[in-house]
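Contents: one structure, followed by commentary.
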Amino acid sequence: MNKKVLGILVVLVIFSAAALTAADPCEGYWKSIDEETGEATAFWRIYTQGNKLFGEIVKITDKPDDTIAENVESSYKDFPVNGDLSKGPVLGVPWIYNLEKRRTGHWRRGNIIDPNDGKNYGCEIIFHERDGDDYMVDTLEVRGKILFFYRAQEWERSSKAEVDAFVSVY
């Protein structure tokens, strides 16, 4: 094999590896938005671990950072954290968990727990890129599901800097 062909193969392998490890567009920081007021309710960090998608609240807009998740059950089936959840914090807990990748930007067959009331729903997340038409900003469609019925919320892309700069008023 000559050096030119070998060089091309090395470049192809590097680009293929980079494509396989590229972050999914769902990953990153997002803010959940109240449909009635248009105001942010919380900031989330969405991340992959292994081949699953998770999401944790990193800032609540109307409560102190040390808020306890007292309205949730002590545990949930297949929840990725051990211990009594009802005595732990709201922040830093993967309330979105075990979503499976359908394709890039689309995850499903996982769960989301509402830490305000402890209800557990099936979860599906779909990324919508800003297109200036239907979506003015990068948007995450987060669906809480029971059987065939679902309720969707649209979350807006955020950043670590926005989370760090946000000051809760409670």
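Scheme for the structure tokens: letters A, B, ... for chains in order shown; per-chain residue numbers from 1; ligand numbers from 1 in order shown.
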
Residue neighbourhood region 66-77 of chain A, 10 Å, only C-alpha atoms, exclusion window fewer than 2 positions, as a PyMOL selection string: chain A and resi 59-60+63-64+79-91+93+111+113-120

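Counting from CA of Ala165 (chain A), the distance to CA of His128 (chain A) is 25.4 Å.
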
Using 7 Å as the limit and counting only C-alpha atoms, can you tabulate each residue of region 37-144 of chain A that touches region 23-27 of chain A, with its shortest atom-to-atom distance in Å and the two atoms involved, as a tab-separated table?
```
residue	atom	partner	partner_atom	distance
A:Ile46	CA	A:Glu27	CA	4.8
A:Tyr47	CA	A:Glu27	CA	4.9
A:Thr104	CA	A:Asp24	CA	6.1
A:Gly105	CA	A:Pro25	CA	5.6
A:Phe127	CA	A:Cys26	CA	5.8
A:Leu140	CA	A:Cys26	CA	7.0
```

Atom pair CA of Gly92 (chain A) / CA of Arg130 (chain A): separation (Å): 27.8 Å

Filtered DSSP result for region 42-107 of chain A, state strand (DSSP E), as a VMD selection string: chain A and resid 42 to 49 52 to 60 94 to 103 106 to 107

Atomic separation - CA of Val137 (chain A) relative to CA of Trp95 (chain A), Å: 24.1 Å
